[in-house]
Structures are given as C-alpha cells and as structure tokens.
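I have placed the structure first, in the form of structure tokens, so that the comments after it can refer back to it.
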Amino acid sequence: MAAGQQGAIMGFVHRRRRGAELFLLVLALAVGIGAYAAVGIGVEGEVPVDLLGYGGWLAGLVVAAHVVIRFVAPYADPVLLPVVAALNGLGLAVIHRLDLADGTTFARQQLTWMTLGVVLFVGTLVVLRDHRVLTRFTYTSGLAAIVLLLLPLVPGLGKTINGARIWIGVGPFSFQPGEVAKVLLVITFAGYLVLHRDALALAGRRLLVVDLPRGRDLGPILAMWLVSLGVLVFQRDLGSSLLFFGLFLVMLYVATERPGWLVVGSAMFLGGALVAWRLFGHVRTRVDIWLDPFAYYGEGTSDQSYQLVESLFGMAWGGLLGRGFGEGNPERIPYAESDFIIGAIGEELGLTGVMAVLLLYGLIVERALRAALISRDGFGKLVATGLASVFALQVFVVVGGVMRLIPLTGLTTPFLSYGGSSLVANWVIIALVLRISDLARRPAPSVGDSAGEDASAAETTQVVRLP
Amino acid sequence: MSELTLFLIRVAYLAILWIFVLSAISVIRSDMFGARVPEAARGAAEPRGRAPRSKTKTKPTKRRGSPTHVVVTEGSNVGERAELDQAPILIGRGTDAAIRLDDDYVSTRHARIAASGDEWFVEDLGSTNGTYIGSVRITQPTTVTLGTQVRIGKTILELRK
C-alpha cells in the first residue's frame, strides 16, 4: 500500500470506514422505517400495508447514495450520510402521521422531493470531483444568488404565501429560491474571503480592547447587510435575513480570526433589528408574541400566537418520553409539517426524541467543521465552515423560535420539515461537505520520497499527481 | 391495540433512535479522544526511520563537526528540536510535523529539511509566507550549514551539533 511509504512523513492516514457507514445506514433505515411502522400501528392500529414498498424505496435511495460514495468519494466522512438519512426518514414518518390526521398527501410529495434530492446529491458527487473548481464561479454564483433572491419579487412569477414573498411559482410547482441562494452565497463568500482575507485581517486600528477594521474594508459587510435588510423589508422573511447575515459574519470571523468583525457585525445587526422593529408591524408582532404568547391566544384576542402556544402545549403534553406516535394531537398546530415539525416530534417522542434529533444536527455540524479543520486548502475550509454554520444557524433559529428562546422566524428544519426546495438544497449541501471531507481525508499525494529521492532532491519542482 | 403494546412500541422506538445516535458517536469517538496508534504500526515506525539510512547513501556520514539536530532559536517554540536521524524533517503547524510551530504565519506543512550527500538542504513546501535564509526567500532547496538561520514566519531555526 502506498500509504506505508508516506507513513514516515505523514504519520497518519485516515481510514475509509465505508463499512462503518453501511452499518450506520442500516440503523438509520431502522429509525426511518421503524418510525413509519410505529405511525401505522399508533394511528391505524396495524402495520401499514405498504411498509415493504415504502421501506424498499427508502432503502434503495440510501443504498444508491452509499454505493456512489464508495466509488467517487471513498474517503468521505462515514457519519454524515446515515445521520441525514435518519433525519429524513424520521421527518417523512412524522409528516405521514400528520397526513393521516389531516387527510393531506404531503409525505408522498416529500418522498418525491427526497428522491430528487438524492439524485442531485449523487449528481453533485459525480460531477464535482474537486471542490476547488468552484473558486472559478465565485462572482458568477454571487450574481446568481442575488438574481435568485430577487426572483420572488418579479410580478407574475413571485408568490406570496403566508405573508412572506419568498416563493416562485412555475405551473403547479412552487419553489423557494432562497434555499438555493444560501449554497451559492457560501461559495461566493468563501471565494472572496480566501483572496481578500489578508487585507481584512491585518489592516485596522485598535480601539479599547478590540481591533476595528478599516473603513474602506467595510464595503462587503455593508453590502451583505443591505441584502439581508432587503430580504427582510421586501420579502418579509425574518429567518432568511438572519441566516444570510449570520452566515456572512461567521465566515468573515473564521477567515480573518478577528473578533472585531463580530463586534461590528453584531452592532449592525442589532441596529437593523431595532429599526425593523420600530418600522414594521410584522416584526413587532413576532417580538410581542415571543415576550408574552398567552396574551395573544384564545377568544377575545387577535389569536396570533395560536400556532406557537399550541406547539408549547404539545411539547408540555409530550413530556419526557412523549405520547407515542398517533397518541398525541400534533395536528392542532397549524403548519406542523413544516416550521413546527419539532413541536410535533416533541409531543409524540418527548424530550428524549427531541434531544436525539438535536444531537443528530450537532453531529452534522461537527462533521462539517471537522472536514474544514483537516481540509488542506483555504477555500475548502471556508466552504465547509460556511455550510456548517448554515446548518447550525438554521436549526438554532427555527428550533429556538419554536421553543420560544428567540422570536419566531419562519425557516424550515433541515431534512425534517416538509418543503421541497429546502430538502433538495440540503442534500446538495451534504454532497459538498462529503466532497470536501473526501479530499481532506484522502492521503496526500506522495512527493516522490521513496524511489526517486536521489534524483528529485536536487530539483526545484516535482510533478505531483493529484488524486 | 393495548396500552402496554403502545407503550412498549414507544420505548422501543426511542431506544432505536438513541442506539443510532450513540453508534454514530462511537464511530467518530477517535475525534474526541484521539486515534490510538496500533502496536504493530508503532513498532513498524521505528525501523522505517532507520531503514533508509542503512540502504541508501543520502545521509551524511557521521563526522566530527557535522550537525546532529535542528533547534528553534527564536519564536514561540524556542528550544523545540528534532534529531537529524529522523530526516526528512517536516516543519509546520500541522500535527504531522516533526517540529510543530504555534506560529500564525506558518503553513500546515511549511518546509522540510532533508539530506543530499554530505549536505543538508531546506526546502519550502509551497508555504504561504515563504521560507527565508537571511533576508532571501528561497525558491529551491537551499544548503544550510551549522548556524545558518532559517526563518519561517516569526520563528528561526538552526542546525546544531
């Protein structure tokens, strides 16, 4: 094995661990299919008749993804795919459970979207053999992201659903371009920061205890701040606005290692939030509901906090072990299948289930950050960090909102919530992280230190075959 | 369906969920507690360091006055050293480096010191901030002798007897 020769200089070579991945995938399928069976037993009193077909389809999807990883990304992280498969399977079962109560068919559509998500996941891994190719599209993807963010504002194309203008409708399909835009924005930020981080990191003056950046370097952060504010004002989408700005701030901080940026950014965010709170009714309503939900619940009030309070009731009713699938009433929560799915899980699986779900999200973020840590190029590091922070921020914003830690902002819970655009975008994110971790864990190309040592030692450059 | 059955199903499902979470964590436990180097590999690493010396002539022959180790003389890791027996010596910020520097201006795999004939060479491994001898940034493997100051980031290294 070639790794043996490099051992002297490299010391450590990552194992592929594809067997561990397969083992975890079997467990993940047990989580997904088991939830589906438990829902059938709990709601209808019998094991669902299509359990074999459904389970087979789910198993086919994840096994296909696993086989593709074996071939095109053999060193990729072994934990990510199983965790994602388990979350997706659990989400499908919970959506199916709400379908049974409401008479809708969201789960079927979600399964279609998951299939498309896995196809795009496989496509990304097969087409993108080296993530560094993406540096070429730094500005193109930035432009595409801005166009995608503007699309919902185009008259005739954009659709306003539940007060937020973040959808585009093409025929019978509606799509949230913001979900794709966040992946493109990560690529743009990473490409930009990897080139300009020295200027952003080193120039500046010291004020009190923090290093403040130069005025002229504030350009990009100002632009990003305006974009986030634009999303907030014109699309009335609090969650995405927070996500985009938070993502940019985290990546800026990671690229420059300067806490000064966090100080400046947080101040700008707080300023913007304060202004938005004073100017816009919908922001103020959210804050009021957050501070005192029961004042807006029940007869004689505007009943605006109905959704939040029902979800709080549900989680309290669920307690430590939950009611069990089919034994609670999560269908009382409006939109329980999308934004409030964590409330539905809290009711039927209890604190124990919610903690497991949050740990799984923690694992995804940890694996992405680990890929960033061991990645050998700055661009890969930044992309992986950015994608990890997208995940972390999104889960924090939506779960924190549902649990009344922060004001509620509409975002989907990754992989759990019903929502095609979000699901597809998240599968692509996982494919990107796997690609970065594959390149990072792969043994470094050997620098000809075994046989050609005598000849090559005197030469200045050596040809290194990139994997 | 009786209450008891439903309760058992609920607990069984939560158990499956947690078994999955815990197995996922156990797969990555080496991240948290460090990888254990197997006994066989540890044993193999020893002869690997010596083997090239016995069969190739790349190492300088032991003579009076020839350097035996490289040491950090300035910077945050003053005093850190590596024996030249272990050549080639990798210098950088990464965990695999023989001389590990906690210096923000040093790349993960910054430079290496290797032998050719009787002479020792320092070679830049495509670092961001470069490797300097005196005030000259080196672009190709460059000879270092006893006491030559090799600057890497804010750190200075020297060959010593």
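Each chain in the structure tokens gets a letter, A, B, ..., in the order shown, and its residues are numbered from 1; ligands are numbered from 1 in order too.
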(message) Based on only C-alpha atoms, which of the residues in chain B come within 8 Å of chain A? I want them as a ChimeraX atom specification.
(response) /B:1,6-7,9-11,13-14,16-18,20-21,23-25,27-28,45,48-49,58,88-90,96-97,116,139-141
(message) Excluding Thr108 of chain B and its own-chain neighbours fewer than 3 positions away, which residues fall within 6 Å of it when counting only C-alpha atoms? Please give them as a ChimeraX atom specification.
(response) /B:92-94
Output file for the residues above (N, CA and C atoms, as a compact mmCIF listing (two decimals), in the first residue's frame):
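Written out: again35.txt:
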```txt
# COMPACT_ATOMS: atom_id res chain seq x y z
N GLY B 92 6.16 22.67 10.38
CA GLY B 92 4.90 23.31 10.05
C GLY B 92 3.98 23.35 11.23
N ARG B 93 2.76 23.74 10.96
CA ARG B 93 1.79 23.91 12.02
C ARG B 93 0.96 22.64 12.21
N GLY B 94 1.08 21.72 11.24
CA GLY B 94 0.24 20.53 11.28
C GLY B 94 0.69 19.54 12.34
```
Nearby residues (only C-alpha atoms) at most 8 Å from Leu185 of chain A, same-chain spacing under 2 positions excluded, as a compact mmCIF listing (two decimals) with C-alpha atoms, in the first residue's frame:
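Resulting contents of result_23.txt:
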```txt
# COMPACT_ATOMS: atom_id res chain seq x y z
CA SER A 141 -22.52 32.30 -8.13
CA GLY A 142 -22.79 35.58 -6.22
CA ALA A 145 -27.65 34.16 -5.72
CA ALA A 181 -29.17 31.02 -2.87
CA LYS A 182 -27.71 30.16 0.52
CA VAL A 183 -25.47 27.47 -1.01
CA ILE A 187 -19.37 29.58 -2.36
CA THR A 188 -19.20 33.31 -3.11
CA PHE A 189 -18.14 34.30 0.38
```
(request) Do a neighbour search on Ala101 of chain A at 10 Å with only C-alpha atoms, toss out local chain neighbours closer than 5 positions, and write the hits as a PyMOL selection string. (result) chain A and resi 43+95-96+326+329-332
Using only C-alpha atoms, please write the residues we just selected to a file, as a CSV table (one decimal), in the first residue's frame.
```csv
chain,number,residue,atom,x,y,z
A,43,VAL,CA,-52.8,5.8,14.2
A,95,ILE,CA,-45.2,14.2,8.0
A,96,HIS,CA,-47.1,11.0,7.2
A,326,GLY,CA,-50.6,8.5,17.0
A,329,ASN,CA,-52.6,15.8,18.8
A,330,PRO,CA,-49.9,17.4,16.8
A,331,GLU,CA,-52.4,18.2,14.0
A,332,ARG,CA,-53.7,21.0,16.2
```
(request) If you run DSSP over the backbone, which residues in segment 351-423 of chain A end up helix (DSSP H, G or I)? Put them as a PyMOL selection string. (result) chain A and resi 351-374+378-402+420-423
Include N, CA and C atoms and write out the residues we just selected as a compact mmCIF listing (two decimals), in the first residue's frame.
```
# COMPACT_ATOMS: atom_id res chain seq x y z
N LEU A 351 -39.13 14.76 25.15
CA LEU A 351 -37.82 15.39 25.26
C LEU A 351 -36.73 14.43 24.79
N THR A 352 -36.90 13.14 25.08
CA THR A 352 -35.90 12.14 24.68
C THR A 352 -35.70 12.16 23.17
N GLY A 353 -36.81 12.22 22.42
CA GLY A 353 -36.71 12.24 20.97
C GLY A 353 -36.13 13.53 20.46
N VAL A 354 -36.55 14.66 21.05
CA VAL A 354 -36.05 15.95 20.57
C VAL A 354 -34.56 16.07 20.82
N MET A 355 -34.12 15.56 21.97
CA MET A 355 -32.68 15.62 22.26
C MET A 355 -31.89 14.80 21.25
N ALA A 356 -32.43 13.63 20.90
CA ALA A 356 -31.74 12.81 19.90
C ALA A 356 -31.64 13.56 18.57
N VAL A 357 -32.75 14.21 18.18
CA VAL A 357 -32.75 14.94 16.91
C VAL A 357 -31.73 16.07 16.95
N LEU A 358 -31.71 16.81 18.07
CA LEU A 358 -30.76 17.93 18.16
C LEU A 358 -29.32 17.42 18.15
N LEU A 359 -29.10 16.26 18.79
CA LEU A 359 -27.75 15.68 18.76
C LEU A 359 -27.35 15.33 17.33
N LEU A 360 -28.32 14.82 16.56
CA LEU A 360 -28.01 14.48 15.17
C LEU A 360 -27.60 15.73 14.40
N TYR A 361 -28.32 16.83 14.63
CA TYR A 361 -27.91 18.08 13.98
C TYR A 361 -26.52 18.50 14.44
N GLY A 362 -26.28 18.33 15.73
CA GLY A 362 -24.95 18.64 16.26
C GLY A 362 -23.88 17.82 15.56
N LEU A 363 -24.18 16.55 15.30
CA LEU A 363 -23.22 15.68 14.62
C LEU A 363 -22.95 16.18 13.21
N ILE A 364 -24.00 16.60 12.49
CA ILE A 364 -23.79 17.11 11.13
C ILE A 364 -22.84 18.30 11.17
N VAL A 365 -23.13 19.23 12.10
CA VAL A 365 -22.29 20.44 12.18
C VAL A 365 -20.86 20.06 12.55
N GLU A 366 -20.73 19.12 13.50
CA GLU A 366 -19.39 18.72 13.94
C GLU A 366 -18.61 18.09 12.78
N ARG A 367 -19.28 17.23 12.01
CA ARG A 367 -18.58 16.58 10.89
C ARG A 367 -18.15 17.60 9.85
N ALA A 368 -19.03 18.58 9.58
CA ALA A 368 -18.68 19.60 8.59
C ALA A 368 -17.50 20.43 9.08
N LEU A 369 -17.50 20.78 10.38
CA LEU A 369 -16.39 21.57 10.92
C LEU A 369 -15.11 20.74 10.94
N ARG A 370 -15.25 19.43 11.18
CA ARG A 370 -14.08 18.54 11.17
C ARG A 370 -13.48 18.50 9.77
N ALA A 371 -14.37 18.43 8.75
CA ALA A 371 -13.87 18.45 7.37
C ALA A 371 -13.14 19.76 7.11
N ALA A 372 -13.65 20.87 7.67
CA ALA A 372 -12.99 22.15 7.50
C ALA A 372 -11.61 22.14 8.16
N LEU A 373 -11.55 21.55 9.34
CA LEU A 373 -10.28 21.54 10.10
C LEU A 373 -9.19 20.78 9.36
N ILE A 374 -9.54 19.61 8.80
CA ILE A 374 -8.48 18.81 8.19
C ILE A 374 -8.32 19.10 6.72
N GLY A 378 -7.56 26.54 1.72
CA GLY A 378 -8.35 27.55 2.40
C GLY A 378 -9.77 27.64 1.91
N PHE A 379 -9.95 27.48 0.60
CA PHE A 379 -11.31 27.57 0.04
C PHE A 379 -12.20 26.46 0.61
N GLY A 380 -11.66 25.22 0.62
CA GLY A 380 -12.44 24.11 1.16
C GLY A 380 -12.79 24.33 2.61
N LYS A 381 -11.81 24.84 3.38
CA LYS A 381 -12.05 25.13 4.79
C LYS A 381 -13.22 26.09 4.94
N LEU A 382 -13.18 27.16 4.15
CA LEU A 382 -14.21 28.18 4.31
C LEU A 382 -15.57 27.68 3.86
N VAL A 383 -15.61 26.91 2.75
CA VAL A 383 -16.90 26.39 2.28
C VAL A 383 -17.49 25.46 3.33
N ALA A 384 -16.66 24.56 3.87
CA ALA A 384 -17.18 23.62 4.87
C ALA A 384 -17.64 24.36 6.11
N THR A 385 -16.86 25.37 6.55
CA THR A 385 -17.29 26.15 7.71
C THR A 385 -18.60 26.85 7.43
N GLY A 386 -18.70 27.43 6.22
CA GLY A 386 -19.92 28.14 5.86
C GLY A 386 -21.12 27.23 5.87
N LEU A 387 -20.96 26.04 5.27
CA LEU A 387 -22.10 25.12 5.21
C LEU A 387 -22.46 24.64 6.62
N ALA A 388 -21.43 24.43 7.47
CA ALA A 388 -21.72 24.03 8.85
C ALA A 388 -22.50 25.13 9.55
N SER A 389 -22.10 26.39 9.31
CA SER A 389 -22.78 27.45 10.04
C SER A 389 -24.18 27.68 9.47
N VAL A 390 -24.39 27.42 8.17
CA VAL A 390 -25.76 27.47 7.64
C VAL A 390 -26.64 26.52 8.43
N PHE A 391 -26.14 25.30 8.60
CA PHE A 391 -26.91 24.29 9.32
C PHE A 391 -27.16 24.72 10.75
N ALA A 392 -26.08 25.12 11.43
CA ALA A 392 -26.20 25.46 12.84
C ALA A 392 -27.16 26.62 13.03
N LEU A 393 -26.99 27.67 12.20
CA LEU A 393 -27.84 28.85 12.35
C LEU A 393 -29.29 28.51 12.07
N GLN A 394 -29.51 27.74 11.00
CA GLN A 394 -30.88 27.43 10.62
C GLN A 394 -31.59 26.64 11.72
N VAL A 395 -30.90 25.62 12.25
CA VAL A 395 -31.51 24.82 13.31
C VAL A 395 -31.73 25.68 14.54
N PHE A 396 -30.74 26.52 14.87
CA PHE A 396 -30.90 27.36 16.05
C PHE A 396 -32.07 28.32 15.89
N VAL A 397 -32.15 28.95 14.72
CA VAL A 397 -33.20 29.96 14.52
C VAL A 397 -34.58 29.31 14.58
N VAL A 398 -34.76 28.17 13.92
CA VAL A 398 -36.11 27.62 13.87
C VAL A 398 -36.46 26.89 15.16
N VAL A 399 -35.54 26.10 15.71
CA VAL A 399 -35.85 25.38 16.95
C VAL A 399 -35.96 26.37 18.11
N GLY A 400 -35.06 27.36 18.13
CA GLY A 400 -35.15 28.40 19.15
C GLY A 400 -36.47 29.13 19.08
N GLY A 401 -36.96 29.37 17.85
CA GLY A 401 -38.23 30.06 17.68
C GLY A 401 -39.38 29.21 18.20
N VAL A 402 -39.37 27.93 17.85
CA VAL A 402 -40.47 27.05 18.26
C VAL A 402 -40.48 26.89 19.78
N GLY A 420 -39.89 21.09 -0.47
CA GLY A 420 -39.02 20.51 -1.49
C GLY A 420 -37.73 21.26 -1.69
N SER A 421 -37.82 22.60 -1.79
CA SER A 421 -36.61 23.37 -2.09
C SER A 421 -35.58 23.19 -1.00
N SER A 422 -36.06 23.23 0.24
CA SER A 422 -35.14 23.10 1.36
C SER A 422 -34.48 21.72 1.37
N LEU A 423 -35.29 20.68 1.15
CA LEU A 423 -34.76 19.32 1.19
C LEU A 423 -33.71 19.10 0.11
```
(request) Please provide the set of residues having any atom within 9 Å of segment 123-136 of chain B, restricted to only C-alpha atoms, with same-chain residues fewer than 2 positions apart removed, written as a ChimeraX atom specification. (result) /A:460 /B:105-114,121,138-142,144,148-153
